[in-house]
Structures are given as structure tokens and as C-alpha cells.
Amino acid sequence: MTDTSSTAPIVDVLCVGAGFSGLYAAYKAAAQGWTFAGYETAPDVGGTWFWNTYPGARCDVESVYYSYSFSEELQQEWTWSERFAPQAEILSYINHVAGRFDLRRHFRFNTKVIAANWLPDEHLWELTLDSGDTRRGRYLLAGSGGLSTPKDFDVPGLENFTGLTVSTSRWTISLDDLAGKRVAVIGTGSSGVQCIPLIAEVADHLTVFQRTPNYVFPARNARLPAQTVAEIKSNYPAIREVCRQSLGGIPDRPVTDCAFDVSDEERQERYERAYERSGFLGVGAEFADLLTNPEANETAAEFARQKIRQIVRDPRTASLLEPRFHPLGAKRSCFGTDFYETFNRPNVSLVSLRDEPIATLTSDSIVTERGSYDVDAVVLAIGFDAFTGPLFALNVTTPEAGTLRDAWSDGVRTYLGIMTAGFPNFFMIGGPQSPALASNVVVTIEQAVDWITDLITHAKAEGCDVIEPATEAQDDWVSITEATVNQTLYATTDSWYRGSNVTGKPSTFLGYVGGVGKYRRMCAEIAKRDYPGVRIG
Ligand code: FAD
């Protein structure tokens, strides 16, 4: 366990978080012979997969890709059981990694970092922990996650409710606790889509409160046949390399033709085949221009709506579920099992919050502007204060720049999504304006940690101990991320991708959407040229 006594030695690397990011950072630091002190609020490793234990939680990037690639032994010895592993299996995997590489010894658990202050004279970061202890180190790595700070429920009256309240991102009950109850699920993003069908099976009645109808495709989860696993394992290094050079960190299908290059019949047939395939390489990836041409996108969007009308028997409910407020893919698409079918159950009903926003909650009901719904339990599936939420909560501060929150008061500004001007020796793993938002995040995490490690190694070799991006290089990166997203339909849509889900959050698109392969090649070129955008002193 990490020492935090007042006499604790200064470490090379301080790190926040023991999810995929923090664990890989610890592994890499140990491999370099660097001392490392990591802190984690949770009692154990896992990050996302420790906290999000709601019924139905599972990844929606296929597990054979959504896993570490850094150790051939690890990828040979671990066998995924399903196409999209459930939360418990992903958590077992992360536990296995922590045990196999003896990583827990680098972390102190049940410990929250509440402040991080740069000491300019010593060229050190000092962390303040919720225990009151402090700890100093040369480099600070934020592995605090993009989706680790639950969004506040911004509707008045939750405190009036005397029934059971639980959030998907901090699930504390069992599904049985909802059995026979009148349950409300608020939110139909990825978590809502995954838990709604399972809650419907046990609830006396389930009322789903939907603000924005989303595009939900069948996950088509299945057991992974032994032969598939064997083929993947025998080919893993090559598969991983394809992922690293891809757009989204998964093996892309080479698509070059556009939606209107083919006849209406052929387009429909291709959407049907893509619908059977599902996943991020499904309907939304069938033609090259779906995320850039609104008319092309509308053909795929209408295909998705038609599927909803075919599945959902009640025309009014089907109509409310049809996504009409944003192009397909411009917000994160969801993948579920029996999501739309669930609305055919006699014990399930849908309330559109666009038509009747929640006014308040009473002790036993949710009151909207049009009616009142009696419930015994409220499940909040309302998402996260993405990317900046966990970073701002660290209270990262330097005497010159002030807090990160102040520095980014008009919007996020980073260099490569990894560093930010005014905050020396501070590195974000899978940070805002990195490819994390629109990729298989583990691919992005491994690349970031490797790149940061190389940069620190380079600085050490030069006899330097301060690393900070130049403002001009940062300005260029912000321009690149904006220009890249402005070529796509992401730019047309308000979503958590740009902070629109949190009241008062400045609007910045929180990711680089040019692709993990292109990004990797840019980062490699920067390293090859001895980091021209970075001041090393
Ligand atoms: P996290 O896993 O979020 O871990 C960060 C850790 O930092 C947390 O444990 C947190 O407690 C800790 N922490 C934060 N602040 C502090 C502090 N101040 N002090 C101490 N500890 C702190 N991505 C994909 O690519 N594919 C998927 O299929 C996918 N599915 C997802 C499903 C769900 C339900 C969710 C919520 C996210 C999903 N993601 C998915 C995104 C997922 O967050 C990342 O893939 C990945 O787990 C991020 O790892 P991380 O270590 O960077 O962050």
C-alpha cells in the first residue's frame, strides 16, 4: 500500500485512479524503475467497472478488443466468454491484471485526492488526500476517468422522495430489491438502455422517463465460440496493430462508398446486413459519408426508425421512441438487448420529458407538467459530468495559472488531450480532446501512457525535470480538434460530447475525432522530432 505519512518519500509519479488508466500507468512506471504512488477513492481496482454494477452493465466495444494489448502472455491466458463481457467479467479481468502484475502495491485505496498543488521552486506536485495527508511527486498523472463523476440530478424535489433511490453509476442494491415495485427509470442513454429490460422483468410496473430518444441497436451479444477465441489469440498482435491504426480502436471495415452511390434497394439491403452485424461497425458505419452528409445520415436514421416502428406495437410509444432530434451517431449510439421489445410489455410505459418535463418529486411520485406517476423506486440513469468533472474535482492548481477550472472557464484547452499550458508535469490519460471520447478507450489509454512515459524518459535523459506544452502548440491542437469535428455531424448536436448535459458547462467538444490511428501517427512524429511543442527545462 502506498505510504502517505508526512515523511513519505517523494515519488517520480503520482497518479489518480486505479482503472484501466492508472493500472497501466503503474505497470509502465514500475517497468522504468520509477517510484509510483497511486490513489483511488474506491476500495479496490476497476474504475468504471468497479462502480457501474447496475443490471445489464457490459461493454459495447467487443471484449477481445476492449482489453489490454501490452502483454502477449496476458492476452493469451485470458479468455473472454462473451462478445460483450458483462461488468463482473471485466472487473475480474482487471483484478486479474492487478494481481498478475502485482499492481495493487502501488495504490492506496479508499483515498480521494482533494487537491493537487504545483510547487514551482521544488518542481514538484503535492497531493492533498481526504485523510489530510499530503504526498509529493515529480509528475502527476490523471487517470481519473472520463466517465467517473456522476451527473447531478438537476430536478428539484428528489429529497422529497421517500422510496428507494439508486443511480446506475453507484448501484448499491440488487435487482431483487426492485421486484414487485413500481419503478421509474430516468434516462435512456447507454446505462438506461442496458438496465431497462432487466428491471421490467422484475418490476410490478416500470415507467421510463425519456428526454432524448436515442438510436438503439440490438447488441447481438453471444457466447464467444472457442474457435473464434482461438483464431483471435493466434492472431492477436496483428489484430491489435489494426486496432491501433484504425479510426475507433476496433478493426474497421474498409468503407469508401457513400450512401447515394448505391440504389435505394441496395442501400436498404446493406443496412439490413449491418443491422444484423450491429456494434459500432453496424448501420452507422455502413457508408463513408454517414457522419458528414446530413442527407446520407437521414437514410440510416430512417432505417433505424423503421425498425422501431416494426418492433414497438403501440404507435404512440413507437413514435416517442423514434430518434428525431439528432443525426445517427452524432450522440453516442446505444446497443441493447430487447430494449424496444420491452415497451411491448403490459407493465412498461414511456413518458417523454420533452413533452412533459419533471416538475418535482413528492414522497411517492414523480410529478411532470402534465401528470403524476406513483412510484416506489427511482433509478437515475442520467449520465456523467464527462471528462472535466473528475479533473476539476482534483483542484489542480499552480500559482501562475490558478485552478484548472479557471484556466478552462471558457472551454477546454489541451495539447493532444494529454497536457495543458500553465500546468507543468501534469498529464491526462484519456483526457478531453484526446481520442478517448470516440474510441475503444483502452487503445487510447495505452497509447497515452506509452507516449507520456517516452516524453518523461526523454526529459530525464536531457537532465530536465519540467515539462510543459507551449501555448502556441496548444492553440494549434485546439484548432485541429475543432476543425476536425466541424467537418462532421457531431458539430451539429448538443450532447455530453460537448458538455451540454451539465448546466453551465462551457461548450467544448470533448474529443478528437480524427481517429486513433491518425492521432497515434501525429504523436509519434512529435516524439521523433524531440517534442517541438513542449518546453522541457
Ligand atoms: P475509470 O475507469 O473511470 O477510473 C477512474 C478511477 O479514478 C475511478 O475508479 C475513480 O474512483 C478514480 N478517481 C477519480 N477521481 C478521483 C480522486 N479525486 N481521487 C481518487 N480517485 C479518483 N469505453 C469503451 O471503450 N468501451 C466500452 O464498451 C465502454 N463501456 C462503458 C460502460 C459504462 C457503463 C461506462 C460508465 C463507461 C464505459 N466506457 C467504455 C468508458 C470507460 O470509462 C473507459 O473505457 C475506461 O474504463 C476508462 O478507464 P480509466 O481508468 O481512464 O477511468
# chains A, B, ... in the order shown; residues from 1 in each chain; ligands from 1
>>> residues_near_ligand(ligand="ligand 1", cutoff="6 Å", atoms="only C-alpha atoms and all ligand atoms", output="ChimeraX atom specification")
/A:16-22,39-42,47-48,52,57,59-61,111-114,143-148,191,390,394,430,439-442
>>> select_by_dssp(residues="region 182-243 of chain A", states="strand (DSSP E or B)", output="list in words")
Arg182, Val183, Ala184, Val185, Ile186, His205, Leu206, Thr207, Val208, Phe209, Gln210, Val216, Phe217, Pro218 and Arg223 of chain A
>>> residues_around(residues="Val166 (chain A)", least_positions_apart="6", cutoff="12 Å", atoms="only C-alpha atoms", output="CSV table (one decimal) with N, CA and C atoms, in the first residue's frame")
chain,number,residue,atom,x,y,z
A,52,ASN,N,-19.9,0.8,-11.8
A,52,ASN,CA,-21.1,0.6,-12.6
A,52,ASN,C,-21.6,-0.8,-12.6
A,53,THR,N,-22.3,-1.2,-11.5
A,53,THR,CA,-22.7,-2.6,-11.3
A,53,THR,C,-24.2,-2.8,-11.6
A,54,TYR,N,-24.8,-1.9,-12.2
A,54,TYR,CA,-26.2,-2.0,-12.5
A,54,TYR,C,-26.6,-3.2,-13.3
A,150,PRO,N,-20.5,11.1,-11.6
A,150,PRO,CA,-22.0,11.1,-12.0
A,150,PRO,C,-22.5,12.5,-12.1
A,153,PHE,N,-28.5,15.2,-10.4
A,153,PHE,CA,-29.9,15.2,-10.9
A,153,PHE,C,-30.4,16.7,-10.7
A,158,LEU,N,-36.0,15.8,-5.4
A,158,LEU,CA,-35.6,14.4,-5.2
A,158,LEU,C,-35.5,14.1,-3.7
A,172,THR,N,-26.2,0.2,-5.6
A,172,THR,CA,-26.0,-0.3,-4.3
A,172,THR,C,-27.0,-1.3,-3.9
A,173,ILE,N,-27.9,-1.7,-4.8
A,173,ILE,CA,-28.9,-2.7,-4.4
A,173,ILE,C,-28.9,-3.9,-5.3
A,174,SER,N,-29.7,-4.8,-5.1
A,174,SER,CA,-29.8,-6.0,-6.0
A,174,SER,C,-31.1,-5.8,-6.9
A,175,LEU,N,-31.1,-6.5,-8.0
A,175,LEU,CA,-32.3,-6.4,-8.8
A,175,LEU,C,-33.5,-6.8,-8.1
A,177,ASP,N,-34.3,-6.2,-5.2
A,177,ASP,CA,-34.9,-5.1,-4.4
A,177,ASP,C,-36.0,-4.3,-5.1
A,178,LEU,N,-35.9,-4.5,-6.5
A,178,LEU,CA,-36.9,-3.8,-7.3
A,178,LEU,C,-38.1,-4.7,-7.6
A,183,VAL,N,-41.5,1.0,-10.5
A,183,VAL,CA,-40.1,1.6,-10.6
A,183,VAL,C,-40.1,2.7,-11.7
A,184,ALA,N,-39.4,3.7,-11.5
A,184,ALA,CA,-39.2,4.7,-12.6
A,184,ALA,C,-37.7,4.6,-12.9
A,185,VAL,N,-37.4,4.6,-14.2
A,185,VAL,CA,-36.0,4.7,-14.7
A,185,VAL,C,-36.0,6.1,-15.4
A,186,ILE,N,-35.1,7.0,-15.0
A,186,ILE,CA,-35.0,8.3,-15.6
A,186,ILE,C,-33.7,8.2,-16.4
A,376,ASP,N,-42.5,3.5,-6.4
A,376,ASP,CA,-41.8,3.1,-5.1
A,376,ASP,C,-40.3,3.2,-5.2
A,377,ALA,N,-39.8,3.3,-6.4
A,377,ALA,CA,-38.3,3.3,-6.6
A,377,ALA,C,-38.0,4.2,-7.8
A,378,VAL,N,-36.9,4.9,-7.7
A,378,VAL,CA,-36.4,5.8,-8.8
A,378,VAL,C,-35.0,5.4,-9.1
A,379,VAL,N,-34.8,5.0,-10.4
A,379,VAL,CA,-33.4,4.6,-10.8
A,379,VAL,C,-32.9,5.8,-11.7
A,380,LEU,N,-31.9,6.4,-11.3
A,380,LEU,CA,-31.3,7.5,-12.1
A,380,LEU,C,-30.3,7.0,-13.1
A,381,ALA,N,-30.5,7.1,-14.3
A,381,ALA,CA,-29.6,6.7,-15.4
A,381,ALA,C,-29.2,7.9,-16.2
A,382,ILE,N,-28.7,8.9,-15.5
A,382,ILE,CA,-28.7,10.3,-16.1
A,382,ILE,C,-27.3,10.7,-16.6
>>> closest_residue(among="A:Ala473, A:Ala179, A:Val485, A:Ala219", to="Thr337 (chain A)", atoms="only C-alpha atoms")
A:Ala219
>>> closest_atom_pairs(of="region 445-517 of chain A", to="region 412-418 of chain A", cutoff="7 Å", atoms="only C-alpha atoms", output="JSON lines")
{"residue": "A:Pro469", "atom": "CA", "partner": "A:Tyr415", "partner_atom": "CA", "distance": 6.5}
{"residue": "A:Ala473", "atom": "CA", "partner": "A:Tyr415", "partner_atom": "CA", "distance": 6.6}
{"residue": "A:Gln474", "atom": "CA", "partner": "A:Tyr415", "partner_atom": "CA", "distance": 4.4}
{"residue": "A:Trp477", "atom": "CA", "partner": "A:Tyr415", "partner_atom": "CA", "distance": 5.7}
{"residue": "A:Val478", "atom": "CA", "partner": "A:Arg413", "partner_atom": "CA", "distance": 6.2}
{"residue": "A:Thr508", "atom": "CA", "partner": "A:Val412", "partner_atom": "CA", "distance": 6.2}
>>> write_last_selection(atoms="all heavy atoms", output="short mmCIF file (atom, residue, chain, number, x, y, z; two decimals), in the first residue's frame")
data_model
loop_
_atom_site.label_atom_id
_atom_site.label_comp_id
_atom_site.auth_asym_id
_atom_site.auth_seq_id
_atom_site.Cartn_x
_atom_site.Cartn_y
_atom_site.Cartn_z
N PRO A 469 3.55 22.13 -22.16
CA PRO A 469 3.32 22.45 -23.57
C PRO A 469 3.37 23.95 -23.82
O PRO A 469 2.99 24.74 -22.95
CB PRO A 469 1.90 21.91 -23.83
CG PRO A 469 1.23 21.94 -22.50
CD PRO A 469 2.31 21.71 -21.48
N ALA A 473 1.49 25.66 -29.36
CA ALA A 473 1.24 24.27 -29.75
C ALA A 473 -0.15 23.85 -29.27
O ALA A 473 -0.89 23.13 -29.96
CB ALA A 473 2.30 23.35 -29.15
N GLN A 474 -0.50 24.31 -28.10
CA GLN A 474 -1.84 24.01 -27.56
C GLN A 474 -2.92 24.66 -28.43
O GLN A 474 -3.93 24.02 -28.74
CB GLN A 474 -1.91 24.51 -26.12
CG GLN A 474 -3.29 24.37 -25.50
CD GLN A 474 -3.24 24.56 -24.01
OE1 GLN A 474 -2.75 23.69 -23.29
NE2 GLN A 474 -3.72 25.69 -23.52
N TRP A 477 -3.46 22.64 -31.39
CA TRP A 477 -4.21 21.40 -31.15
C TRP A 477 -5.70 21.67 -30.97
O TRP A 477 -6.55 20.95 -31.52
CB TRP A 477 -3.65 20.63 -29.94
CG TRP A 477 -4.40 19.33 -29.76
CD1 TRP A 477 -5.23 18.99 -28.74
CD2 TRP A 477 -4.41 18.23 -30.68
NE1 TRP A 477 -5.77 17.75 -28.96
CE2 TRP A 477 -5.28 17.26 -30.15
CE3 TRP A 477 -3.79 18.00 -31.90
CZ2 TRP A 477 -5.53 16.06 -30.80
CZ3 TRP A 477 -4.03 16.79 -32.54
CH2 TRP A 477 -4.90 15.84 -31.99
N VAL A 478 -6.01 22.75 -30.27
CA VAL A 478 -7.43 23.09 -30.09
C VAL A 478 -8.05 23.36 -31.47
O VAL A 478 -9.16 22.90 -31.77
CB VAL A 478 -7.59 24.32 -29.14
CG1 VAL A 478 -9.03 24.78 -29.09
CG2 VAL A 478 -7.09 23.97 -27.74
N THR A 508 -17.43 22.82 -25.22
CA THR A 508 -16.25 22.45 -26.00
C THR A 508 -16.47 21.00 -26.39
O THR A 508 -16.86 20.19 -25.54
CB THR A 508 -14.96 22.40 -25.13
OG1 THR A 508 -14.94 23.46 -24.22
CG2 THR A 508 -13.72 22.38 -25.99
#
>>> residues_around(residues="region 88-91 of chain A", least_positions_apart="2", cutoff="6 Å", atoms="only C-alpha atoms", output="list in words")
Gly46, Trp49, Pro86, Tyr93 and Ile94 of chain A
>>> write_last_selection(atoms="all heavy atoms", output="short mmCIF file (atom, residue, chain, number, x, y, z; two decimals), in the first residue's frame")
data_model
loop_
_atom_site.label_atom_id
_atom_site.label_comp_id
_atom_site.auth_asym_id
_atom_site.auth_seq_id
_atom_site.Cartn_x
_atom_site.Cartn_y
_atom_site.Cartn_z
N GLY A 46 -10.44 -1.14 -10.68
CA GLY A 46 -11.56 -1.39 -11.59
C GLY A 46 -12.13 -0.15 -12.24
O GLY A 46 -12.63 -0.21 -13.35
N TRP A 49 -15.57 -0.12 -14.02
CA TRP A 49 -16.11 -1.48 -13.86
C TRP A 49 -16.22 -1.87 -12.40
O TRP A 49 -16.82 -2.90 -12.08
CB TRP A 49 -15.31 -2.46 -14.71
CG TRP A 49 -15.35 -1.96 -16.12
CD1 TRP A 49 -14.35 -1.30 -16.78
CD2 TRP A 49 -16.49 -1.94 -16.99
NE1 TRP A 49 -14.79 -0.90 -18.02
CE2 TRP A 49 -16.09 -1.28 -18.18
CE3 TRP A 49 -17.81 -2.42 -16.90
CZ2 TRP A 49 -16.97 -1.10 -19.26
CZ3 TRP A 49 -18.67 -2.24 -17.95
CH2 TRP A 49 -18.25 -1.59 -19.12
N PRO A 86 -19.95 -8.99 -19.56
CA PRO A 86 -20.66 -8.27 -18.52
C PRO A 86 -19.69 -7.61 -17.55
O PRO A 86 -18.51 -7.99 -17.47
CB PRO A 86 -21.49 -9.36 -17.83
CG PRO A 86 -20.84 -10.65 -18.18
CD PRO A 86 -20.09 -10.44 -19.46
N TYR A 93 -11.35 -9.42 -14.89
CA TYR A 93 -10.17 -9.25 -15.75
C TYR A 93 -9.23 -8.20 -15.14
O TYR A 93 -8.01 -8.42 -15.04
CB TYR A 93 -10.64 -8.84 -17.14
CG TYR A 93 -9.55 -8.38 -18.08
CD1 TYR A 93 -8.71 -9.30 -18.71
CD2 TYR A 93 -9.36 -7.02 -18.34
CE1 TYR A 93 -7.70 -8.87 -19.57
CE2 TYR A 93 -8.36 -6.58 -19.20
CZ TYR A 93 -7.54 -7.51 -19.81
OH TYR A 93 -6.54 -7.08 -20.67
N ILE A 94 -9.80 -7.08 -14.75
CA ILE A 94 -8.95 -6.00 -14.19
C ILE A 94 -8.30 -6.48 -12.89
O ILE A 94 -7.11 -6.22 -12.64
CB ILE A 94 -9.78 -4.71 -13.99
CG1 ILE A 94 -10.29 -4.21 -15.36
CG2 ILE A 94 -8.94 -3.64 -13.30
CD1 ILE A 94 -11.20 -2.99 -15.30
#
>>> select_by_dssp(residues="region 113-238 of chain A", states="alpha helix (DSSP H)", output="PDB file with N, CA, C and O atoms, in the first residue's frame")
ATOM      1  N   SER A 190     -26.861   4.945 -22.595  1.00  0.00           N
ATOM      2  CA  SER A 190     -26.347   3.576 -22.612  1.00  0.00           C
ATOM      3  C   SER A 190     -26.737   2.780 -21.372  1.00  0.00           C
ATOM      4  O   SER A 190     -27.152   1.618 -21.471  1.00  0.00           O
ATOM      5  N   SER A 191     -26.612   3.378 -20.183  1.00  0.00           N
ATOM      6  CA  SER A 191     -26.899   2.633 -18.953  1.00  0.00           C
ATOM      7  C   SER A 191     -28.387   2.314 -18.853  1.00  0.00           C
ATOM      8  O   SER A 191     -28.776   1.194 -18.507  1.00  0.00           O
ATOM      9  N   GLY A 192     -29.228   3.307 -19.158  1.00  0.00           N
ATOM     10  CA  GLY A 192     -30.672   3.078 -19.130  1.00  0.00           C
ATOM     11  C   GLY A 192     -31.069   1.974 -20.098  1.00  0.00           C
ATOM     12  O   GLY A 192     -31.842   1.069 -19.760  1.00  0.00           O
ATOM     13  N   VAL A 193     -30.517   2.039 -21.291  1.00  0.00           N
ATOM     14  CA  VAL A 193     -30.840   1.040 -22.316  1.00  0.00           C
ATOM     15  C   VAL A 193     -30.463  -0.369 -21.846  1.00  0.00           C
ATOM     16  O   VAL A 193     -31.176  -1.341 -22.112  1.00  0.00           O
ATOM     17  N   GLN A 194     -29.353  -0.469 -21.116  1.00  0.00           N
ATOM     18  CA  GLN A 194     -28.929  -1.801 -20.665  1.00  0.00           C
ATOM     19  C   GLN A 194     -29.772  -2.319 -19.501  1.00  0.00           C
ATOM     20  O   GLN A 194     -30.051  -3.511 -19.413  1.00  0.00           O
ATOM     21  N   CYS A 195     -30.181  -1.435 -18.592  1.00  0.00           N
ATOM     22  CA  CYS A 195     -30.870  -1.942 -17.389  1.00  0.00           C
ATOM     23  C   CYS A 195     -32.386  -2.025 -17.546  1.00  0.00           C
ATOM     24  O   CYS A 195     -33.037  -2.827 -16.867  1.00  0.00           O
ATOM     25  N   ILE A 196     -32.968  -1.235 -18.445  1.00  0.00           N
ATOM     26  CA  ILE A 196     -34.438  -1.170 -18.548  1.00  0.00           C
ATOM     27  C   ILE A 196     -35.066  -2.551 -18.799  1.00  0.00           C
ATOM     28  O   ILE A 196     -36.002  -2.946 -18.082  1.00  0.00           O
ATOM     29  N   PRO A 197     -34.581  -3.335 -19.762  1.00  0.00           N
ATOM     30  CA  PRO A 197     -35.242  -4.636 -19.998  1.00  0.00           C
ATOM     31  C   PRO A 197     -35.197  -5.556 -18.777  1.00  0.00           C
ATOM     32  O   PRO A 197     -36.145  -6.321 -18.537  1.00  0.00           O
ATOM     33  N   LEU A 198     -34.117  -5.502 -18.001  1.00  0.00           N
ATOM     34  CA  LEU A 198     -33.994  -6.399 -16.846  1.00  0.00           C
ATOM     35  C   LEU A 198     -34.860  -5.929 -15.687  1.00  0.00           C
ATOM     36  O   LEU A 198     -35.473  -6.741 -14.979  1.00  0.00           O
ATOM     37  N   ILE A 199     -34.941  -4.626 -15.508  1.00  0.00           N
ATOM     38  CA  ILE A 199     -35.807  -4.108 -14.440  1.00  0.00           C
ATOM     39  C   ILE A 199     -37.266  -4.405 -14.781  1.00  0.00           C
ATOM     40  O   ILE A 199     -38.061  -4.780 -13.903  1.00  0.00           O
ATOM     41  N   ALA A 200     -37.612  -4.280 -16.073  1.00  0.00           N
ATOM     42  CA  ALA A 200     -39.000  -4.552 -16.498  1.00  0.00           C
ATOM     43  C   ALA A 200     -39.417  -5.975 -16.142  1.00  0.00           C
ATOM     44  O   ALA A 200     -40.587  -6.236 -15.843  1.00  0.00           O
ATOM     45  N   GLU A 201     -38.459  -6.901 -16.157  1.00  0.00           N
ATOM     46  CA  GLU A 201     -38.795  -8.309 -15.870  1.00  0.00           C
ATOM     47  C   GLU A 201     -39.194  -8.536 -14.417  1.00  0.00           C
ATOM     48  O   GLU A 201     -39.930  -9.472 -14.116  1.00  0.00           O
ATOM     49  N   VAL A 202     -38.695  -7.695 -13.514  1.00  0.00           N
ATOM     50  CA  VAL A 202     -38.996  -7.932 -12.089  1.00  0.00           C
ATOM     51  C   VAL A 202     -39.987  -6.927 -11.515  1.00  0.00           C
ATOM     52  O   VAL A 202     -40.651  -7.203 -10.510  1.00  0.00           O
ATOM     53  N   ALA A 226     -15.349 -21.177 -29.042  1.00  0.00           N
ATOM     54  CA  ALA A 226     -13.943 -21.477 -28.734  1.00  0.00           C
ATOM     55  C   ALA A 226     -13.058 -21.257 -29.949  1.00  0.00           C
ATOM     56  O   ALA A 226     -11.929 -20.766 -29.861  1.00  0.00           O
ATOM     57  N   GLN A 227     -13.620 -21.591 -31.117  1.00  0.00           N
ATOM     58  CA  GLN A 227     -12.804 -21.461 -32.328  1.00  0.00           C
ATOM     59  C   GLN A 227     -12.486 -19.983 -32.627  1.00  0.00           C
ATOM     60  O   GLN A 227     -11.364 -19.642 -33.024  1.00  0.00           O
ATOM     61  N   THR A 228     -13.481 -19.116 -32.411  1.00  0.00           N
ATOM     62  CA  THR A 228     -13.249 -17.676 -32.627  1.00  0.00           C
ATOM     63  C   THR A 228     -12.157 -17.179 -31.693  1.00  0.00           C
ATOM     64  O   THR A 228     -11.248 -16.447 -32.093  1.00  0.00           O
ATOM     65  N   VAL A 229     -12.270 -17.588 -30.429  1.00  0.00           N
ATOM     66  CA  VAL A 229     -11.273 -17.164 -29.438  1.00  0.00           C
ATOM     67  C   VAL A 229      -9.888 -17.639 -29.864  1.00  0.00           C
ATOM     68  O   VAL A 229      -8.906 -16.879 -29.838  1.00  0.00           O
ATOM     69  N   ALA A 230      -9.802 -18.898 -30.305  1.00  0.00           N
ATOM     70  CA  ALA A 230      -8.503 -19.461 -30.708  1.00  0.00           C
ATOM     71  C   ALA A 230      -7.930 -18.689 -31.893  1.00  0.00           C
ATOM     72  O   ALA A 230      -6.737 -18.364 -31.926  1.00  0.00           O
ATOM     73  N   GLU A 231      -8.809 -18.372 -32.839  1.00  0.00           N
ATOM     74  CA  GLU A 231      -8.330 -17.634 -34.027  1.00  0.00           C
ATOM     75  C   GLU A 231      -7.810 -16.259 -33.628  1.00  0.00           C
ATOM     76  O   GLU A 231      -6.763 -15.812 -34.102  1.00  0.00           O
ATOM     77  N   ILE A 232      -8.556 -15.599 -32.749  1.00  0.00           N
ATOM     78  CA  ILE A 232      -8.127 -14.266 -32.311  1.00  0.00           C
ATOM     79  C   ILE A 232      -6.799 -14.363 -31.567  1.00  0.00           C
ATOM     80  O   ILE A 232      -5.861 -13.601 -31.825  1.00  0.00           O
ATOM     81  N   LYS A 233      -6.704 -15.328 -30.676  1.00  0.00           N
ATOM     82  CA  LYS A 233      -5.469 -15.447 -29.888  1.00  0.00           C
ATOM     83  C   LYS A 233      -4.263 -15.748 -30.774  1.00  0.00           C
ATOM     84  O   LYS A 233      -3.165 -15.266 -30.514  1.00  0.00           O
ATOM     85  N   SER A 234      -4.485 -16.537 -31.817  1.00  0.00           N
ATOM     86  CA  SER A 234      -3.331 -16.879 -32.651  1.00  0.00           C
ATOM     87  C   SER A 234      -2.916 -15.686 -33.514  1.00  0.00           C
ATOM     88  O   SER A 234      -1.855 -15.674 -34.095  1.00  0.00           O
ATOM     89  N   TYR A 236      -3.384 -12.319 -32.362  1.00  0.00           N
ATOM     90  CA  TYR A 236      -3.602 -11.113 -31.558  1.00  0.00           C
ATOM     91  C   TYR A 236      -2.676  -9.942 -31.900  1.00  0.00           C
ATOM     92  O   TYR A 236      -3.148  -8.804 -32.072  1.00  0.00           O
ATOM     93  N   PRO A 237      -1.355 -10.168 -32.043  1.00  0.00           N
ATOM     94  CA  PRO A 237      -0.505  -8.987 -32.312  1.00  0.00           C
ATOM     95  C   PRO A 237      -0.953  -8.226 -33.557  1.00  0.00           C
ATOM     96  O   PRO A 237      -1.024  -6.997 -33.551  1.00  0.00           O
ATOM     97  N   ALA A 238      -1.311  -8.956 -34.598  1.00  0.00           N
ATOM     98  CA  ALA A 238      -1.729  -8.286 -35.837  1.00  0.00           C
ATOM     99  C   ALA A 238      -3.066  -7.572 -35.630  1.00  0.00           C
ATOM    100  O   ALA A 238      -3.260  -6.438 -36.084  1.00  0.00           O
TER     101      ALA A 238
END
>>> residues_around(residues="Lys518 (chain A)", least_positions_apart="6", cutoff="8 Å", atoms="only C-alpha atoms", output="PyMOL selection string")
chain A and resi 245-247
>>> residues_around(residues="Gly517 (chain A)", least_positions_apart="4", cutoff="9 Å", atoms="only C-alpha atoms", output="PyMOL selection string")
chain A and resi 242-249+521-522
>>> atom_distance(atom1="CA of Leu206 (chain A)", atom2="CA of Thr168 (chain A)")
15.6 Å
>>> closest_residue(among="A:Leu404, A:Glu73, A:Ala359, A:Asp289", to="Val255 (chain A)", atoms="only C-alpha atoms")
A:Asp289
>>> closest_residue(among="A:Ile250, A:Ala259, A:Ala142, A:Val216", to="Pro294 (chain A)", atoms="only C-alpha atoms")
A:Ala259
>>> closest_residue(among="A:Phe50, A:Phe426, A:Phe325, A:Phe303", to="Trp125 (chain A)", atoms="only C-alpha atoms")
A:Phe426
>>> atom_distance(atom1="CA of Glu482 (chain A)", atom2="CA of Gln433 (chain A)")
9.3 Å
>>> closest_residue(among="A:Ser507, A:Phe280, A:Asn293, A:Val351", to="Ala438 (chain A)", atoms="only C-alpha atoms")
A:Phe280
>>> closest_residue(among="A:Tyr497, A:Phe427, A:Trp80, A:Trp118", to="Gly383 (chain A)", atoms="only C-alpha atoms")
A:Tyr497
>>> residues_around(residues="Arg253 (chain A)", least_positions_apart="4", cutoff="9 Å", atoms="only C-alpha atoms", output="ChimeraX atom specification")
/A:281,285-286
>>> write_last_selection(atoms="C-alpha atoms", output="PDB file, in the first residue's frame")
ATOM      1  CA  LEU A 281     -19.384  -1.175 -37.246  1.00  0.00           C
ATOM      2  CA  ALA A 285     -20.663   2.791 -40.263  1.00  0.00           C
ATOM      3  CA  GLU A 286     -22.131   1.302 -43.443  1.00  0.00           C
TER       4      GLU A 286
END
>>> atom_distance(atom1="CA of Asp476 (chain A)", atom2="CA of Ala407 (chain A)")
17.0 Å
